[in-house]
Amino acid sequence: MDSKFIPSLHEAPIYTFWENSGLFKASRTNPAKKPFCIILPPPNANGSLHLGHAMFTYEDIMIRFHKMMKEETLWLLGLDHAGFETQYVFEKHLKKQGKSRFDYQRDELFGMIFDYVNENKKNIKGQLRRLGFALDWSREKFTMDPAIIEIVYGTFKKLFDRGLVYRANRLINYCTFCGTSLSDLEVNNVEKVGVLHYINYPLKTGGFIQIATTRPETILGDVAVMVNPKDKRHRGVIGKTVILPVSGREVPIIADTYVDTEFGTGAVKVTPNHDFNDFEIGKKNNLQYPPIINFAGRIQNTNTSYDGLKVFAAREKIIEELKEKGLWVKEEKNNMVVKSCYKCGRVLEPLPKEQWFIKVKPLADRAKGLVKKKEITLFPKRFEKQLIRILDEFIDWNISRQVVWGIRIPAYRCKKMSNVPTSLKLRGASKSQKWFVSIEKPKKCQICGECDFIQDEDTFDTWFSSSQWPFATLMTEGKKTYEYFYPTAVMETGHDILRAWVARMMMIGDFVTNKPPFKTVFLHGMVRDAKGQKMSKSKGNVMDPIQLVDKYGADALRAALIFGTKEGGDVSLSEEKVKGMRNFANKVWNVGRFIELNSKSQNPNSKQIPSPQSKIIVELEKEATELKKKYMNYMKRYRFSQALNDLHEFIWHRFADYYIEQLKEELKNGNIQVLDTLKCVYLDNIKMLHPFMPFMTEAVGQVFYGKQTSLLQIGFT
RNA sequence: GGACCUGUAGCUCAGUUGGCUAGAGCGUUUCAUUGACAUUGAAAAGGUCACAGGUUCAAGUCCUGUCAGGUCCACCA
C-alpha cells in the first residue's frame with residue numbers, strides 16, 4: 001500500500017472492475033429478494049454535468065447501501081433530449097458559425113442536433129462514471145428512444161381519448177426571440193420599474209376619458225375602455241363610445257368590478273389579444289379584434305405606418321404621436337412584474353395561439369390523494385405541504401412547443417376539412433374535434449378517409465416526456481421488470497423541480513399506470529459557493545465537479561457534498577471542504593495501511609494474551625457496535641449526513657486517535673487479539689463508509705479481501 | 001399580498017420524540033519532526049444558540065410575538 005491514497009491511481013481500474021463484474025446490473029427479478037429501484041433524473045444531453053448533478057451522490061449512497069443489504073437493486077440511467085433547451089444551446093453554436101436555424105430544413109436541423117446530442121451523451125456518461133455512480137449501464141435510456149416515444153404517444157392518446165387533452169386557442173406566453181410558446185412554469189417573473197403613461201381617449205360626444213397604460217402600442221388593438229361601475233368619477237360615461245387615438249376606431253366604454261379604482265385613473269384600456277386579464281374580459285363581453293402583434297414581435301393588422309415595427313419601437317413612436325396630438329398627459333414610474341423567457345431573458349409576449357393543453361385538475365386531485373393517503377412520502381417532510389399547494393394551484397398545461405428538436409406531437413388533422421373556411425372560431429374544445437390522435441402514423445385521413453392528413457408541426461414540451469420517465473423507462477425493459485420494480489422505491493431530485501417534474505410525474509404516472517410512480521420522494525438542496533451564494537456564470541463562482549474530482553478524487557467531492565449538510569438543505573461547497581474530505585480519505589487509507597503492515601509483521605509465535613489493555617478492547621468493541629446500530633438507523637431514515645458525520649468522528653477521532661494509539665504498544669508486542677479486533681472494526685467501518693466514499697474503501701477492501709472481491713458483494717453481515 | 005425556510009464559534013454549517021460541560025469542517029495560536037498518515041498528532045482560544053415573552057423539573061430544541069435574511073407563488077392596466 002502506498003503511504004498516500006492517490007485517487008487517480010485507483011478510480012479508473014476500480015470503476016472498470018465494478019462495471020465488468022456486473023455488480024451494477026440488476027439481473028434478476030427475484031421475488032424472494034426485496035426490489036429497490038431508483039430512476040436517475042435524466043441529465044440534459046446538451047452540455048456537461050454541473051455540481052448539482054453531483055448531488056446524485058445521494059442516490060448512489062442509497063443504491064450501494066441497499067445492494068449491501070442484499071436487496072435486488074436497480075439504478076436506471078437515462079438522458080433527456082431537453083427539447084427547447086437543447087435547441088437553444090445548439091442555436092448558439094450555429095450563431096458562432098454565422099448560421100441560424102432558418103438556414104436548414106426541419107429534418108436537416110433535427111439531424112444536426114441529434115449528432116450534437118450524441119456527442120454530449122458520451123461526455124456525460126463518462127462524467128457519471130468519474131463520480132463513481134453505480135448505474136446499471138445495460139439499461140441506458142434516452143427520452144427519444146423509439147420505444148419511449150411510443151409510450152409517450154400512448155399517453156397522449158389516452159389523455160386525448162379521456163378528454164384530458166384538448167386543443168384551444170388562447171393566450172400563451174410566447175418568446176418572439178426563441179420562437180416558441182412556453183408553459184406558465186417556464187416563465188420568469190422579473191421585477192422592474194416601468195413607465196405608466198396617462199393618455200386621454202376622446203369621447204365621441206366630446207370630452208375625454210383618461211386611461212393609464214404601460215403598453216401604449218397596444219392601443220392599436222383595443223376593443224374597449226373599462227371602468228368600475230362603483231366609481232363615481234366615471235359613472236356617466238358607461239355605454240358611451242370612445243374614438244381610439246391613432247387608429248380612430250370606435251369602441252365602447254364598459255363596466256366591470258374587476259377594475260381597481262385606486263390604480264391609475266380608474267379607467268382601463270382592454271386589449272384581449274395581448275393581455276391575460278383583458279383576454280378574459282374580451283371573452284366575457286364578446287369583444288374581439290385581430291391580434292396586432294405577430295409571432296415575430298412586430299405590429300400587424302393595423303393598416304397604419306406602425307405595421308412591421310417591433311413592439312418597443314412602436315411604443316416610442318406612438319408616444320410621440322400622442323404627444324403631438326396633445327393626448328399624452330403624463331408619465332409615472334411604476335413597479336411592475338414583467339414575464340420573461342426563462343431561457344433568453346427577453347420579455348414574453350402574450351399572444352393568442354392554438355395549442356394542446358392538458359386538463360390538469362382531475363390529474364392533480366388524484367396526485368394529491370397519493371400524498372394524503374401516504375402512498376407517497378416526502379423527505380424532508382415539509383415539502384409535502386408545498387406539493388399539496390402546487391397541486392392545488394396547477395393550471396392547464398400547454399404542451400405544444402414550436403421547436404424542431406423534440407417528440408413530434410402525434411396529432412393529425414383533415415386537410416380537406418381545414419380547407420373549408422371557418423369563421424374566426426377562436427376558442428373552445430370543439431376545435432379538437434377536427435383533430436385525431438394516433439400512435440402509428442396513419443396512411444389516410446381518419447376523418448374523411450380521402451385526403452392527406454396534416455400532422456401538427458409542434459413538438460411536446462420536454463416535461464411531458466419526462467413526466468412519464470419512471471414508468472416509461474421500466475416498461476421498455478419488459479413486463480416482468482416493470483412489475484417487479486414499479487412503483488420505484490425513491491425519487492431523488494432537487495427541490496427546485498418539485499413543481500415542474502415531481503408533481504407532473506405523479507399526475508401522469510398515476511393516470512397511466514394507476515399506481516404512484518414512486519413510494520418516496522427525497523429532495524436535495526442547491527449547491528452554493530463557499531459563502532453560501534448561488535453559483536452562476538455571471539458571478540464567476542461556478543465550480544466544475546470533474547475538475548474537483550481530478551484534483552481531490554471523487555470520494556472527496558462526494559463526501560464534501562454530504563458532510564454537514566442537512567437533508568433538503570443547501571450545500572455551501574468550498575474547495576477547502578473538499579480538501580478536508582480528501583484528507584479524511586487519506587486518513588482512512590492509512591489506518592488500513594497501519595493494520596496491514598502490522599498483520600505482515602505479526603510474530604507467528606504470539607498467541608492470544610489477555611493483557612492489561614483488554615479493557616480498552618472491550619470498550620472499542622462496544623463503541624463500534626453502537627456506531628453500527630446508529631448507522632443502520634440513520635441510513636434507513638434517510639439521514640445520510642448524520643451517518644457520515646458519525647463515521648467520520650468515530651474512525652478518525654476515536655478509532656485512530658484514541659484506540660489505535662492506546663493499543664499500539666500491545667500490537668508491537670504481538671498481541672494477536674488486538675490486531676484481530678482492530679481489523680474487524682476497521683473492515684466494518686470501511687463497509688459502512690463505502691456508499692459515501694466508494695473508491696477508497698474498495699481499494700482498501702481489496703487489500704484485505706482480495707483483488708476480485710467487492711464490498712458491494714460482501715455487504716453487511 | 002400568500003406560503004415556506006433560515007438566524008448556533010472568525011467563516012460554512014450539524015445538533016429529529018426537550019435531558020451530560022452546545023458540536024464538526026475550515027481558519028487562528030502554542031507545542032510535537034518522521035513512528036500508518038504533516039493530507040499528521042497533542043493542546044488552546046473562540047458562542048448571552050437573533051431578540052422578547054411563555055410552557056416545563058429541564059428549552060438551541062416546543063408555543064406566541066418582534067427583528068433580520070432567503071426561497072417559491074400570486075399580482076394593478
# chains A, B, ... in the order shown; residues from 1 in each chain; ligands from 1
call {"tool": "select_by_dssp", "arguments": {"residues": "stretch 516-608 of chain A", "states": "helix (DSSP H, G or I)", "output": "short mmCIF file (atom, residue, chain, number, x, y, z; two decimals) with N, CA, C and O atoms, in the first residue's frame"}}
result
data_model
loop_
_atom_site.label_atom_id
_atom_site.label_comp_id
_atom_site.auth_asym_id
_atom_site.auth_seq_id
_atom_site.Cartn_x
_atom_site.Cartn_y
_atom_site.Cartn_z
N PRO A 545 -17.44 20.01 -11.29
CA PRO A 545 -17.30 18.79 -10.48
C PRO A 545 -16.14 17.90 -10.94
O PRO A 545 -15.45 17.31 -10.11
N ILE A 546 -15.95 17.83 -12.24
CA ILE A 546 -14.92 16.93 -12.76
C ILE A 546 -13.52 17.45 -12.42
O ILE A 546 -12.60 16.69 -12.10
N GLN A 547 -13.38 18.76 -12.45
CA GLN A 547 -12.10 19.34 -12.04
C GLN A 547 -11.80 19.03 -10.58
O GLN A 547 -10.66 18.74 -10.21
N LEU A 548 -12.83 19.08 -9.76
CA LEU A 548 -12.65 18.75 -8.35
C LEU A 548 -12.30 17.28 -8.17
O LEU A 548 -11.47 16.93 -7.32
N VAL A 549 -12.91 16.44 -8.99
CA VAL A 549 -12.60 15.01 -8.93
C VAL A 549 -11.14 14.80 -9.35
O VAL A 549 -10.41 14.04 -8.72
N ASP A 550 -10.72 15.47 -10.40
CA ASP A 550 -9.33 15.35 -10.85
C ASP A 550 -8.37 15.73 -9.73
O ASP A 550 -7.34 15.10 -9.52
N LYS A 551 -8.72 16.78 -9.05
CA LYS A 551 -7.79 17.34 -8.07
C LYS A 551 -7.82 16.59 -6.72
O LYS A 551 -6.77 16.39 -6.12
N TYR A 552 -8.99 16.22 -6.29
CA TYR A 552 -9.09 15.65 -4.93
C TYR A 552 -9.68 14.25 -4.88
O TYR A 552 -9.71 13.64 -3.82
N ALA A 554 -12.98 11.56 -6.45
CA ALA A 554 -14.44 11.53 -6.43
C ALA A 554 -14.96 11.38 -5.00
O ALA A 554 -15.94 12.01 -4.60
N ASP A 555 -14.28 10.56 -4.22
CA ASP A 555 -14.71 10.33 -2.83
C ASP A 555 -14.76 11.64 -2.06
O ASP A 555 -15.69 11.89 -1.29
N ALA A 556 -13.74 12.46 -2.27
CA ALA A 556 -13.65 13.72 -1.54
C ALA A 556 -14.81 14.65 -1.91
O ALA A 556 -15.44 15.23 -1.04
N LEU A 557 -15.09 14.74 -3.20
CA LEU A 557 -16.19 15.60 -3.62
C LEU A 557 -17.51 15.09 -3.08
O LEU A 557 -18.33 15.84 -2.54
N ARG A 558 -17.72 13.79 -3.22
CA ARG A 558 -18.98 13.20 -2.75
C ARG A 558 -19.19 13.46 -1.26
O ARG A 558 -20.27 13.91 -0.84
N ALA A 559 -18.15 13.17 -0.49
CA ALA A 559 -18.28 13.34 0.96
C ALA A 559 -18.47 14.81 1.32
O ALA A 559 -19.23 15.14 2.23
N ALA A 560 -17.82 15.69 0.56
CA ALA A 560 -17.94 17.12 0.84
C ALA A 560 -19.37 17.60 0.63
O ALA A 560 -19.84 18.51 1.32
N LEU A 561 -20.06 16.99 -0.32
CA LEU A 561 -21.44 17.40 -0.59
C LEU A 561 -22.38 16.93 0.52
O LEU A 561 -23.40 17.54 0.79
N ILE A 562 -22.04 15.81 1.14
CA ILE A 562 -22.95 15.22 2.12
C ILE A 562 -22.62 15.66 3.55
O ILE A 562 -23.51 15.89 4.36
N GLU A 575 -13.62 24.74 -1.78
CA GLU A 575 -12.54 23.83 -2.14
C GLU A 575 -11.89 23.28 -0.86
O GLU A 575 -11.47 22.13 -0.81
N GLU A 576 -11.87 24.10 0.19
CA GLU A 576 -11.29 23.67 1.47
C GLU A 576 -12.04 22.48 2.04
O GLU A 576 -11.45 21.59 2.65
N LYS A 577 -13.35 22.51 1.84
CA LYS A 577 -14.13 21.40 2.38
C LYS A 577 -13.81 20.11 1.62
O LYS A 577 -13.68 19.05 2.24
N VAL A 578 -13.67 20.23 0.31
CA VAL A 578 -13.33 19.06 -0.48
C VAL A 578 -11.95 18.55 -0.06
O VAL A 578 -11.73 17.35 0.10
N LYS A 579 -11.05 19.49 0.14
CA LYS A 579 -9.70 19.14 0.58
C LYS A 579 -9.75 18.41 1.93
O LYS A 579 -9.07 17.41 2.14
N GLY A 580 -10.58 18.90 2.81
CA GLY A 580 -10.73 18.26 4.12
C GLY A 580 -11.21 16.83 4.00
O GLY A 580 -10.74 15.94 4.71
N MET A 581 -12.11 16.60 3.06
CA MET A 581 -12.62 15.25 2.87
C MET A 581 -11.58 14.37 2.17
O MET A 581 -11.54 13.16 2.39
N ARG A 582 -10.76 15.00 1.33
CA ARG A 582 -9.64 14.26 0.72
C ARG A 582 -8.71 13.77 1.84
O ARG A 582 -8.25 12.64 1.86
N ASN A 583 -8.47 14.65 2.80
CA ASN A 583 -7.63 14.28 3.94
C ASN A 583 -8.25 13.13 4.73
O ASN A 583 -7.54 12.25 5.22
N PHE A 584 -9.54 13.16 4.83
CA PHE A 584 -10.24 12.08 5.55
C PHE A 584 -10.04 10.75 4.83
O PHE A 584 -9.73 9.73 5.44
N ALA A 585 -10.19 10.80 3.50
CA ALA A 585 -9.98 9.57 2.71
C ALA A 585 -8.58 9.04 2.95
O ALA A 585 -8.37 7.83 3.15
N ASN A 586 -7.63 9.94 2.95
CA ASN A 586 -6.24 9.54 3.17
C ASN A 586 -6.04 8.95 4.57
O ASN A 586 -5.30 7.99 4.75
N LYS A 587 -6.73 9.53 5.51
CA LYS A 587 -6.62 9.04 6.88
C LYS A 587 -7.12 7.61 6.99
O LYS A 587 -6.47 6.74 7.56
N VAL A 588 -8.29 7.37 6.40
CA VAL A 588 -8.88 6.04 6.46
C VAL A 588 -7.97 5.03 5.76
O VAL A 588 -7.76 3.92 6.23
N TRP A 589 -7.44 5.47 4.65
CA TRP A 589 -6.50 4.64 3.89
C TRP A 589 -5.31 4.25 4.78
O TRP A 589 -4.88 3.11 4.83
N ASN A 590 -4.78 5.23 5.51
CA ASN A 590 -3.60 4.97 6.31
C ASN A 590 -3.87 4.13 7.55
O ASN A 590 -2.99 3.42 8.01
N VAL A 591 -5.07 4.21 8.04
CA VAL A 591 -5.44 3.31 9.13
C VAL A 591 -5.37 1.88 8.60
O VAL A 591 -4.82 0.98 9.25
N GLY A 592 -5.86 1.70 7.39
CA GLY A 592 -5.79 0.39 6.75
C GLY A 592 -4.35 -0.05 6.53
O GLY A 592 -3.99 -1.20 6.77
N ARG A 593 -3.56 0.90 6.10
CA ARG A 593 -2.15 0.61 5.85
C ARG A 593 -1.46 0.17 7.14
O ARG A 593 -0.69 -0.78 7.16
N PHE A 594 -1.78 0.85 8.21
CA PHE A 594 -1.19 0.51 9.51
C PHE A 594 -1.56 -0.91 9.93
O PHE A 594 -0.71 -1.69 10.34
N ILE A 595 -2.81 -1.24 9.77
CA ILE A 595 -3.25 -2.58 10.16
C ILE A 595 -2.62 -3.63 9.25
O ILE A 595 -2.18 -4.68 9.71
N GLU A 596 -2.55 -3.31 7.99
CA GLU A 596 -1.97 -4.24 7.03
C GLU A 596 -0.49 -4.49 7.35
O GLU A 596 -0.03 -5.63 7.35
N LEU A 597 0.25 -3.41 7.62
CA LEU A 597 1.67 -3.55 7.94
C LEU A 597 1.86 -4.40 9.19
O LEU A 597 2.76 -5.24 9.25
N ASN A 598 1.00 -4.22 10.16
CA ASN A 598 1.11 -4.98 11.39
C ASN A 598 0.73 -6.45 11.22
O ASN A 598 1.26 -7.31 11.91
N SER A 599 -0.19 -6.70 10.29
CA SER A 599 -0.57 -8.08 10.03
C SER A 599 0.64 -8.84 9.49
O SER A 599 0.88 -9.99 9.84
N LYS A 600 1.37 -8.17 8.61
CA LYS A 600 2.53 -8.81 7.98
C LYS A 600 3.63 -9.09 8.99
O LYS A 600 4.31 -10.09 8.92
#
call {"tool": "interface_residues", "arguments": {"of": "chain B", "to": "chain A", "cutoff": "12 Å", "atoms": "only C-alpha atoms (C1' of nucleotides)", "output": "PyMOL selection string"}}
result
chain B and resi 2-6+11-16+23-27+35-42+70-77
call {"tool": "write_last_selection", "arguments": {"atoms": "C-alpha atoms (C1' of nucleotides)", "output": "short mmCIF file (atom, residue, chain, number, x, y, z; two decimals), in the first residue's frame"}}
result
data_model
loop_
_atom_site.label_atom_id
_atom_site.label_comp_id
_atom_site.auth_asym_id
_atom_site.auth_seq_id
_atom_site.Cartn_x
_atom_site.Cartn_y
_atom_site.Cartn_z
"C1'" G B 2 -49.83 34.47 0.44
"C1'" A B 3 -46.89 30.15 1.78
"C1'" C B 4 -42.41 28.11 3.41
"C1'" C B 5 -37.36 28.20 5.19
"C1'" U B 6 -33.21 30.26 7.86
"C1'" C B 11 -16.25 31.54 8.01
"C1'" U B 12 -19.65 27.43 6.27
"C1'" C B 13 -22.89 24.55 8.86
"C1'" A B 14 -24.66 19.94 12.10
"C1'" G B 15 -27.46 19.47 16.54
"C1'" U B 16 -35.22 14.88 14.70
"C1'" G B 23 -20.52 20.25 18.39
"C1'" A B 24 -18.00 19.46 13.34
"C1'" G B 25 -15.21 21.04 8.99
"C1'" C B 26 -12.13 25.02 7.63
"C1'" G B 27 -9.40 29.07 9.83
"C1'" G B 35 6.73 6.41 14.25
"C1'" A B 36 0.40 4.18 9.42
"C1'" C B 37 -0.71 9.16 7.84
"C1'" A B 38 2.41 16.52 8.03
"C1'" U B 39 -3.28 15.22 3.52
"C1'" U B 40 -0.28 14.00 10.94
"C1'" G B 41 -0.68 14.23 16.40
"C1'" A B 42 -1.35 16.86 21.37
"C1'" G B 70 -33.65 33.88 1.85
"C1'" U B 71 -36.87 30.85 -1.50
"C1'" C B 72 -41.32 29.95 -4.08
"C1'" C B 73 -46.20 31.52 -5.65
"C1'" A B 74 -49.77 35.32 -6.91
"C1'" C B 75 -50.47 40.26 -8.56
"C1'" C B 76 -52.98 46.68 -10.86
"C1'" A B 77 -53.65 48.25 -16.60
#
call {"tool": "atom_distance", "arguments": {"atom1": "atom C1' of B:G46", "atom2": "atom CA of A:Trp652"}}
result
23.3 Å
call {"tool": "atom_distance", "arguments": {"atom1": "atom CA of A:Trp435", "atom2": "atom CA of A:Cys414"}}
result
7.2 Å
call {"tool": "closest_residue", "arguments": {"among": "A:Met688, A:Val223, A:Ile254, A:Leu76", "to": "A:Leu647", "atoms": "only C-alpha atoms"}}
result
A:Met688
call {"tool": "atom_distance", "arguments": {"atom1": "atom CA of A:Val681", "atom2": "atom CA of A:Ser8"}}
result
27.2 Å
call {"tool": "select_by_dssp", "arguments": {"residues": "stretch 375-552 of chain A", "states": "strand (DSSP E or B)", "output": "short mmCIF file (atom, residue, chain, number, x, y, z; two decimals) with N, CA, C and O atoms, in the first residue's frame"}}
result
data_model
loop_
_atom_site.label_atom_id
_atom_site.label_comp_id
_atom_site.auth_asym_id
_atom_site.auth_seq_id
_atom_site.Cartn_x
_atom_site.Cartn_y
_atom_site.Cartn_z
N THR A 377 -44.43 9.39 0.18
CA THR A 377 -43.93 10.15 1.33
C THR A 377 -42.79 11.04 0.87
O THR A 377 -41.98 10.63 0.04
N LEU A 378 -42.74 12.23 1.42
CA LEU A 378 -41.66 13.14 1.05
C LEU A 378 -40.67 13.35 2.18
O LEU A 378 -41.05 13.45 3.34
N PHE A 379 -39.40 13.40 1.80
CA PHE A 379 -38.32 13.77 2.71
C PHE A 379 -37.60 14.97 2.14
O PHE A 379 -37.21 14.91 0.99
N TRP A 397 -51.99 22.88 -18.70
CA TRP A 397 -50.58 22.80 -19.11
C TRP A 397 -50.47 22.83 -20.63
O TRP A 397 -50.93 21.92 -21.29
N ASN A 398 -49.85 23.88 -21.12
CA ASN A 398 -49.59 23.98 -22.56
C ASN A 398 -48.42 23.07 -22.91
O ASN A 398 -47.29 23.30 -22.46
N SER A 400 -47.57 22.23 -26.19
CA SER A 400 -47.08 22.43 -27.56
C SER A 400 -45.87 23.35 -27.57
O SER A 400 -45.88 24.39 -26.93
N ARG A 401 -44.88 22.94 -28.30
CA ARG A 401 -43.70 23.79 -28.46
C ARG A 401 -43.36 23.93 -29.94
O ARG A 401 -43.36 22.93 -30.66
N ARG A 408 -42.33 14.86 -31.88
CA ARG A 408 -43.40 15.48 -32.67
C ARG A 408 -44.75 14.99 -32.16
O ARG A 408 -44.94 13.80 -31.88
N ALA A 411 -50.61 14.24 -33.58
CA ALA A 411 -51.97 14.71 -33.84
C ALA A 411 -52.07 15.12 -35.30
O ALA A 411 -51.14 15.72 -35.84
N TYR A 412 -53.18 14.75 -35.89
CA TYR A 412 -53.33 14.97 -37.32
C TYR A 412 -54.67 15.63 -37.59
O TYR A 412 -55.62 15.45 -36.84
N ARG A 413 -54.69 16.40 -38.67
CA ARG A 413 -55.98 16.97 -38.98
C ARG A 413 -56.28 16.83 -40.46
O ARG A 413 -55.40 16.62 -41.28
N CYS A 414 -57.55 16.92 -40.74
CA CYS A 414 -58.06 16.66 -42.08
C CYS A 414 -57.78 17.86 -42.97
O CYS A 414 -58.24 18.96 -42.71
N TRP A 435 -59.35 17.24 -35.00
CA TRP A 435 -58.07 16.55 -34.92
C TRP A 435 -58.27 15.09 -34.55
O TRP A 435 -59.22 14.73 -33.86
N PHE A 436 -57.37 14.26 -35.00
CA PHE A 436 -57.35 12.92 -34.45
C PHE A 436 -55.93 12.59 -34.02
O PHE A 436 -54.96 13.15 -34.52
N VAL A 437 -55.86 11.69 -33.06
CA VAL A 437 -54.58 11.35 -32.46
C VAL A 437 -54.32 9.88 -32.73
O VAL A 437 -55.22 9.06 -32.58
N PHE A 453 -53.71 13.72 -44.60
CA PHE A 453 -53.80 14.45 -43.33
C PHE A 453 -52.62 15.41 -43.18
O PHE A 453 -51.63 15.31 -43.91
N ILE A 454 -52.74 16.28 -42.24
CA ILE A 454 -51.61 17.16 -41.91
C ILE A 454 -51.23 16.88 -40.47
O ILE A 454 -52.08 16.92 -39.58
N GLN A 455 -49.93 16.60 -40.22
CA GLN A 455 -49.50 16.38 -38.82
C GLN A 455 -49.15 17.72 -38.19
O GLN A 455 -48.59 18.62 -38.84
N THR A 459 -43.79 20.11 -31.35
CA THR A 459 -43.28 19.00 -30.55
C THR A 459 -43.77 19.17 -29.11
O THR A 459 -44.23 20.24 -28.72
N PHE A 460 -43.63 18.10 -28.35
CA PHE A 460 -44.07 18.14 -26.95
C PHE A 460 -43.11 18.96 -26.09
O PHE A 460 -41.89 18.91 -26.29
N THR A 488 -41.29 2.61 -8.25
CA THR A 488 -39.90 2.65 -7.81
C THR A 488 -39.83 3.04 -6.34
O THR A 488 -40.79 3.58 -5.79
N ALA A 489 -38.70 2.74 -5.74
CA ALA A 489 -38.57 2.97 -4.29
C ALA A 489 -38.46 4.45 -3.96
O ALA A 489 -39.20 4.97 -3.13
N VAL A 490 -37.53 5.11 -4.61
CA VAL A 490 -37.24 6.50 -4.25
C VAL A 490 -37.07 7.35 -5.51
O VAL A 490 -36.46 6.90 -6.48
N MET A 491 -37.63 8.53 -5.48
CA MET A 491 -37.32 9.53 -6.49
C MET A 491 -36.49 10.60 -5.79
O MET A 491 -36.97 11.26 -4.88
N GLU A 492 -35.25 10.70 -6.19
CA GLU A 492 -34.34 11.66 -5.55
C GLU A 492 -34.03 12.74 -6.55
O GLU A 492 -33.55 12.46 -7.65
N THR A 493 -34.31 13.98 -6.19
CA THR A 493 -34.02 15.08 -7.12
C THR A 493 -33.97 16.40 -6.36
O THR A 493 -34.20 16.44 -5.16
N GLY A 494 -33.67 17.46 -7.07
CA GLY A 494 -33.57 18.78 -6.43
C GLY A 494 -34.94 19.36 -6.13
O GLY A 494 -35.89 19.15 -6.89
N PHE A 518 -43.55 6.36 -7.61
CA PHE A 518 -42.50 6.09 -6.62
C PHE A 518 -43.12 6.14 -5.24
O PHE A 518 -44.18 6.73 -5.05
N LYS A 519 -42.45 5.50 -4.27
CA LYS A 519 -43.03 5.46 -2.92
C LYS A 519 -42.53 6.62 -2.08
O LYS A 519 -43.22 7.10 -1.19
N THR A 520 -41.30 7.01 -2.35
CA THR A 520 -40.69 8.06 -1.54
C THR A 520 -40.06 9.10 -2.45
O THR A 520 -39.48 8.76 -3.47
N VAL A 521 -40.22 10.34 -2.06
CA VAL A 521 -39.52 11.41 -2.75
C VAL A 521 -38.49 11.98 -1.79
O VAL A 521 -38.83 12.37 -0.67
N PHE A 522 -37.24 11.96 -2.20
CA PHE A 522 -36.18 12.53 -1.37
C PHE A 522 -35.63 13.74 -2.12
O PHE A 522 -35.18 13.62 -3.26
N LEU A 523 -35.71 14.89 -1.49
CA LEU A 523 -35.30 16.11 -2.19
C LEU A 523 -34.02 16.69 -1.61
O LEU A 523 -33.88 16.81 -0.39
N HIS A 524 -33.11 17.02 -2.49
CA HIS A 524 -31.87 17.66 -2.03
C HIS A 524 -31.90 19.15 -2.37
O HIS A 524 -32.71 19.60 -3.16
N VAL A 527 -26.51 23.47 -4.63
CA VAL A 527 -25.10 23.63 -4.28
C VAL A 527 -24.74 25.10 -4.43
O VAL A 527 -24.96 25.70 -5.48
N ARG A 528 -24.22 25.65 -3.35
CA ARG A 528 -23.83 27.07 -3.36
C ARG A 528 -22.33 27.19 -3.14
O ARG A 528 -21.67 26.20 -2.83
N LYS A 534 -25.40 31.74 -4.47
CA LYS A 534 -25.80 30.95 -5.62
C LYS A 534 -24.66 30.95 -6.65
O LYS A 534 -24.03 31.98 -6.88
#
call {"tool": "residues_around", "arguments": {"residues": "stretch 309-313 of chain A", "least_positions_apart": "4", "cutoff": "7 Å", "atoms": "only C-alpha atoms (C1' of nucleotides)", "output": "PyMOL selection string"}}
result
chain A and resi 297-299+317
call {"tool": "residues_around", "arguments": {"residues": "stretch 168-179 of chain A", "least_positions_apart": "5", "cutoff": "10 Å", "atoms": "only C-alpha atoms (C1' of nucleotides)", "output": "number ranges by chain"}}
result
A: 84, 87-88, 91, 184, 186-187, 272-277, 279-280, 294-298, 339-357, 398, 401-403, 425-432
call {"tool": "residues_around", "arguments": {"residues": "stretch 134-147 of chain A", "least_positions_apart": "2", "cutoff": "8 Å", "atoms": "only C-alpha atoms (C1' of nucleotides)", "output": "compact mmCIF listing (two decimals) with C-alpha atoms, in the first residue's frame"}}
result
# COMPACT_ATOMS: atom_id res chain seq x y z
CA PHE A 24 -24.24 -2.68 -11.10
CA LYS A 25 -26.58 -4.86 -13.06
CA ALA A 26 -29.95 -5.81 -11.73
CA ASP A 60 -25.58 6.30 -5.20
CA ILE A 63 -28.19 2.23 -4.16
CA ARG A 64 -24.92 0.98 -2.70
CA LEU A 74 -31.61 -1.19 -9.95
CA TRP A 75 -30.35 2.30 -10.66
CA LEU A 76 -31.57 3.05 -14.12
CA LEU A 77 -29.97 5.84 -16.07
CA GLY A 78 -31.14 7.86 -18.99
CA LEU A 79 -30.60 11.15 -20.70
CA ASP A 80 -33.06 13.85 -21.62
CA HIS A 81 -33.27 15.35 -25.10
CA GLY A 132 -18.38 6.59 -9.18
CA ILE A 149 -41.70 7.75 -27.89
CA GLU A 150 -44.27 5.02 -28.44
CA ILE A 151 -45.17 5.11 -24.76
CA GLY A 406 -38.39 17.18 -29.67
CA ILE A 407 -41.01 14.49 -29.91
CA SER A 465 -41.99 13.07 -21.77
CA SER A 466 -40.01 13.38 -18.55
CA THR A 473 -38.17 3.51 -18.77
CA THR A 476 -39.31 -0.67 -22.15
CA GLU A 477 -37.47 -3.29 -20.08
call {"tool": "residues_around", "arguments": {"residues": "B:G7", "least_positions_apart": "5", "cutoff": "9 Å", "atoms": "only C-alpha atoms (C1' of nucleotides)", "output": "PyMOL selection string"}}
result
chain B and resi 50+68-69
call {"tool": "residues_around", "arguments": {"residues": "A:Met507", "least_positions_apart": "2", "cutoff": "8 Å", "atoms": "only C-alpha atoms (C1' of nucleotides)", "output": "ChimeraX atom specification"}}
result
/A:363-364,366-367,503-505,509-511
call {"tool": "write_last_selection", "arguments": {"atoms": "N, CA and C atoms", "output": "short mmCIF file (atom, residue, chain, number, x, y, z; two decimals), in the first residue's frame"}}
result
data_model
loop_
_atom_site.label_atom_id
_atom_site.label_comp_id
_atom_site.auth_asym_id
_atom_site.auth_seq_id
_atom_site.Cartn_x
_atom_site.Cartn_y
_atom_site.Cartn_z
N LEU A 363 -56.22 15.31 -12.75
CA LEU A 363 -54.95 14.62 -12.52
C LEU A 363 -54.32 15.08 -11.21
N ALA A 364 -54.38 16.38 -10.98
CA ALA A 364 -53.78 16.94 -9.77
C ALA A 364 -54.52 16.45 -8.53
N ARG A 366 -56.02 13.61 -8.08
CA ARG A 366 -55.60 12.24 -7.77
C ARG A 366 -54.20 12.21 -7.19
N ALA A 367 -53.33 13.03 -7.76
CA ALA A 367 -51.95 13.07 -7.25
C ALA A 367 -51.94 13.53 -5.79
N ALA A 503 -44.25 16.78 -9.37
CA ALA A 503 -45.71 16.85 -9.36
C ALA A 503 -46.29 16.27 -10.66
N ARG A 504 -45.63 16.58 -11.75
CA ARG A 504 -46.13 16.09 -13.04
C ARG A 504 -45.94 14.59 -13.18
N MET A 505 -44.83 14.07 -12.66
CA MET A 505 -44.64 12.61 -12.70
C MET A 505 -45.75 11.91 -11.93
N GLY A 509 -47.98 9.71 -14.08
CA GLY A 509 -47.68 8.33 -13.69
C GLY A 509 -48.91 7.62 -13.16
N ASP A 510 -49.62 8.29 -12.30
CA ASP A 510 -50.83 7.70 -11.72
C ASP A 510 -51.91 7.52 -12.78
N PHE A 511 -51.99 8.47 -13.70
CA PHE A 511 -53.01 8.38 -14.75
C PHE A 511 -52.77 7.17 -15.64
#
